[in-house]
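Right, one structure below, let's go through it.
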Amino acid sequence: MDAAEFIYPNDPHVAWSIMIVLYPYITGLVAGAFVVSSLYHVFDQQVLKPVARLALVTALCFCMFATLPLLLHLHHPERAFNIMITPNATSAMAGFGFIYSFYMLLLVIEVWLVFRPDIVERVNTNHGIRRWVYLVLSLGVPRITEQSLKIDRRLIRILAVVGIPAACVLHGYVGFLFGAVKANPWWSTALMPVIFLISAVLSGIAVLLALYVFICWRHQVAPEIECLRTLVRYLWIALITAFSLEALELIHMGYEAGSEWHILRTLLTEKLAVSYVLVQVIVGSLVPLVLLSVAVIAKPSRRMTVWIACIAAVLILVQVFAMRWNVVIGGQLFSKSFRGFVEYRISWFGREGILAAAVVLMLPFIALYGANRVLPISTADDH
Amino acid sequence: MSATRHLQILALLLLLGGGAALQLRNMLVPATFGEIGTYRAAALGTNAAHPLTFPSDARCLKCHEDVQEERVESLHTVVRCVHCHGFGAEHITQATAVEVDSSVTIASAQDWDHHFPTKVDLFITYDRATCLACHQATVGMPDSFLQINVAEHLEDQGAEDVEDVNVCFECHTGHSPGL
């Protein structure tokens with residue numbers, strides 16, 4: 001049955017814009033990157049050492065800007081703190097401020113402990129203002145002993161252990177918010193937090209892979225092939241899991257064929273034909289699945305592995321963005337009447353335009369570049 | 001030097017930061033917040049103190065008990081007083097003042113200006129336009145709602161003066177239209 005063009009008069013607009021697409025995308029990258037750093041710090045995956053620091057700082061840099069899209073979306077951003085000053089205990093959304101603050105604090109402390117030896121070294125090798133900056137960063141304790149290093153390492157491990165559930169809650173909560181909107185059949189499913197979480201891990205591994213290869217290329221050094229192969233394997237597993245879960249959810253909806261199915265089918269095959277079918281499923285999931293399967297099973301040469309990893313990582317980053325788009329924007333394209341669609345028109349300029357979104361996406365990378373100027377984050381020193 | 005000195009400083013900073021955040025929160029939370037629910041309890045008083053602009057039927061029927069008796073059995077028992085008589089805020093203010101000071105006079109109802117979101121405070125409408133605002137046949141109205149085609153209805157019922165604005169009241173009254 002074709003959907004008639006009948007929309008309720010009170011839902012002709014897409015209220016949650018591209019900024020609300022960016023928000024779960026960025027928090028997903030935070031959670032995913034942190035999980036990779038934990039594989040090294042908690043599960044002792046020594047093979048991931050070349051990306052362990054990068055993963056942690058990447059998580060921090062993205063976390064710094066995770067709230068920016070939300071603030072840009074708010075018409076009264078100055079009221080944002082009310083959610084923490086006078087929280088409503090029964091609102092999941094009120095939990096975000098506390099989860100985010102706790103996680104940000106945890107990340108800052110862990111990054112500080114990981115880089116303390118480097119900070120201390122720079123206090124002792126720099127002069128003037130630079131020395132003072134590093135001295136402040138060392139909290140006025142520019143000495144390292146074996147004993148203090150041992151304590152720091154134990155603390156890092158504890159923080160990394162605590163950080164895993166915190167990262168999962170930070171991102172799972174976003175999925176929970178969408179999953180709890182019972183009036184929207186495209187969102188309302190208990191699988192939503194899990195789907196968001198797995199795709200977060202997927203995007204986190206992908207961004208690290210891409211960054212690692214890029215940094216190695218910039219420093220003219222060859223990436224550690226074992227590290228790369230391990231990341232590719234994790235990426236492959238995460239992709240299979242994420243794709244299976246999303247496919248399961250869709251097949252389940254289609255098989256149930258509830259009263260809302262006709263509108264969802266039209267939504268996916270017509271309104272989201274490009275962003276869902278072409279970008280998310282074919283280009284973003286099936287193509288990387290084939291590429292990664294070749295990389296994992298056939299074990300091609302180093303050069304070929306690097307190329308495959310890079311292409312797959314970039315495609316997966318696009319796929320996860322498309323997934324967020326299809327969930328957030330897609331879920332608002334049909335009227336609650338289930339008998340008509342509305343249009344989402346995005347502008348280039350303005351607080352919620354394409355340009356602002358591009359700047360928001362660029363900022364974590366600029367922060368990463370800046371952090372790399374202050375502390376040795378890039379892998380060059382590890383070689 | 002202690003191997004945990006840097007951690008002691010960190011703990012101190014966290015304590016200071018946490019304390020400052022709590023202090024800031026205490027300063028920012030409005031007085032009376034949370035006494036009843038997740039809102040400022042004093043807001044109830046602030047809202048109640050706003051001038052009355054949209055009276056409930058109970059406020060009108062306090063004095064006009066006879067109207068309630070008239071309409072209690074009628075379909076119009078669900079029609080609010082303000083629909084046909086305007087907001088009556090000034091009228092209620094005067095009526096409230098009379099309770100305290102009997103020398104205060106209550107102004108008469110004014111003529112209707114034929115405009116529903118009207119500036120006229122209180123009016124009594126003997127005008128077909130009031131009835132037809134709800135009962136003129138309209139596409140999309142449920143069939144169960146009584147609707148008429150004016151010309152046909154007046155002809156069927158044998159109205160005396162079909163052009164008269166008061167024509168509806170030849171057969172019906174507003175409070176109890178007899179349907």
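The way I read the labels, and the way they are meant: chains A, B, ... in the order of the structure tokens, residue 1 as the first residue of every chain, and ligand 1 as the first ligand shown, with later ones counted on from there.
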Give the residues of chain B that lie within 6 Å of chain A; count only C-alpha atoms, and format the answer as a PDB file with N, CA and C atoms, in the first residue's frame.
ATOM      1  N   ALA B   3      55.733   9.136  46.857  1.00  0.00           N
ATOM      2  CA  ALA B   3      55.457   8.692  45.478  1.00  0.00           C
ATOM      3  C   ALA B   3      54.036   9.041  45.052  1.00  0.00           C
ATOM      4  N   HIS B   6      51.755  13.648  43.657  1.00  0.00           N
ATOM      5  CA  HIS B   6      50.970  14.172  42.532  1.00  0.00           C
ATOM      6  C   HIS B   6      49.501  13.761  42.635  1.00  0.00           C
ATOM      7  N   ARG B  25      26.068  25.314  42.416  1.00  0.00           N
ATOM      8  CA  ARG B  25      24.716  24.775  42.227  1.00  0.00           C
ATOM      9  C   ARG B  25      23.762  25.360  43.266  1.00  0.00           C
TER      10      ARG B  25
END
Residue contacts of Trp16 of chain A (8 Å, only C-alpha atoms) excluding same-chain residues fewer than 5 positions away, as a CSV table (one decimal) with N, CA and C atoms, in the first residue's frame:
chain,number,residue,atom,x,y,z
A,73,HIS,N,22.2,23.2,18.6
A,73,HIS,CA,20.8,22.9,18.3
A,73,HIS,C,19.9,23.7,19.2
A,328,VAL,N,18.1,9.3,12.9
A,328,VAL,CA,17.6,10.6,13.5
A,328,VAL,C,16.7,11.3,12.5
A,329,ILE,N,17.2,11.6,11.3
A,329,ILE,CA,16.4,12.3,10.3
A,329,ILE,C,15.3,11.4,9.8
A,332,GLN,N,12.1,11.0,11.6
A,332,GLN,CA,11.2,12.2,11.7
A,332,GLN,C,10.6,12.5,10.3
Between atom CA of Pro51 of chain B and atom CA of Leu122 of chain B, what distance in Å does the model show, to one decimal?
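Separation of atom CA of Pro51 of chain B and atom CA of Leu122 of chain B: 16.3 Å.
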One decimal, Å: what's the distance from atom CA of Leu61 of chain B over to atom CA of His83 of chain B, could you say?
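Going from atom CA of Leu61 of chain B over to atom CA of His83 of chain B, I get 14.5 Å.
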Enter the distance from atom CA of Arg53 of chain A to atom CA of Ala371 of chain A, in Å, rounded to one decimal.
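These atoms are spaced 11.6 Å apart.
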Can you tell me, as JSON, numbers by chain, what residues are no more than 6 Å from segment 28-31 of chain A when counting only C-alpha atoms, ignoring any on the same chain fewer than 6 positions away?
{"A": [59, 62, 63, 167, 200, 203, 204]}
Write a file of the just-selected residues containing N, CA and C atoms, as an mmCIF file, in the first residue's frame.
data_model
loop_
_atom_site.group_PDB
_atom_site.id
_atom_site.type_symbol
_atom_site.label_atom_id
_atom_site.label_comp_id
_atom_site.auth_asym_id
_atom_site.auth_seq_id
_atom_site.Cartn_x
_atom_site.Cartn_y
_atom_site.Cartn_z
ATOM 1 N N ALA A 59 39.773 9.794 21.965
ATOM 2 C CA ALA A 59 38.527 9.771 22.755
ATOM 3 C C ALA A 59 38.345 11.105 23.473
ATOM 4 N N PHE A 62 37.484 14.035 20.953
ATOM 5 C CA PHE A 62 36.091 13.983 20.482
ATOM 6 C C PHE A 62 35.130 14.285 21.627
ATOM 7 N N CYS A 63 35.476 13.808 22.829
ATOM 8 C CA CYS A 63 34.607 14.031 23.991
ATOM 9 C C CYS A 63 34.493 15.532 24.297
ATOM 10 N N ALA A 167 31.943 4.307 29.202
ATOM 11 C CA ALA A 167 31.854 4.594 27.763
ATOM 12 C C ALA A 167 30.597 3.945 27.185
ATOM 13 N N ALA A 200 29.064 2.244 17.532
ATOM 14 C CA ALA A 200 30.032 3.179 18.120
ATOM 15 C C ALA A 200 31.422 2.545 18.138
ATOM 16 N N SER A 203 32.747 2.525 14.638
ATOM 17 C CA SER A 203 33.265 3.805 14.134
ATOM 18 C C SER A 203 34.550 4.191 14.864
ATOM 19 N N GLY A 204 34.640 3.834 16.151
ATOM 20 C CA GLY A 204 35.847 4.150 16.927
ATOM 21 C C GLY A 204 37.069 3.440 16.380
#
Polymer residues at most 10 Å from Pro9 of chain A, only C-alpha atoms, same-chain spacing of 4 or more positions, as a ChimeraX atom specification:
/A:13,335,337
Using N, CA and C atoms, can you export the residues from the last selection as a PDB file, in the first residue's frame?
ATOM      1  N   HIS A  13       7.351  19.446  10.670  1.00  0.00           N
ATOM      2  CA  HIS A  13       8.768  19.832  10.658  1.00  0.00           C
ATOM      3  C   HIS A  13       9.654  18.726  11.192  1.00  0.00           C
ATOM      4  N   SER A 335       5.056  11.192   9.130  1.00  0.00           N
ATOM      5  CA  SER A 335       4.145  11.769  10.115  1.00  0.00           C
ATOM      6  C   SER A 335       3.681  10.680  11.066  1.00  0.00           C
ATOM      7  N   SER A 337       0.887  10.098  11.643  1.00  0.00           N
ATOM      8  CA  SER A 337      -0.310   9.514  11.041  1.00  0.00           C
ATOM      9  C   SER A 337       0.038   8.204  10.339  1.00  0.00           C
TER      10      SER A 337
END
Write out as a VMD selection string the residues lying within 12 Å of His50 of chain B, counting only C-alpha atoms and excluding same-chain residues fewer than 6 positions away.
chain B and resid 43 to 44 89
Exercise: His115 of chain B partners within 10 Å, only C-alpha atoms, chain neighbours under 5 positions left out, as a list in words
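Skipping anything fewer than 5 positions along the chain leaves Val120, Ala129 and Thr130 of chain B.
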Can you work out which one of A:Gly97, A:Glu246, A:Arg157, A:Leu231 has the shortest atom-to-atom distance to Met192 of chain A, counting only C-alpha atoms?
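Checking each candidate against Met192 of chain A, we get A:Glu246 as the closest.
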When distances are computed from only C-alpha atoms, which of A:Val306, A:His75, A:Gly172, A:Ser188 shows the smallest separation from Ala15 of chain A?
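Selected residue with least distance to Ala15 of chain A: A:His75.
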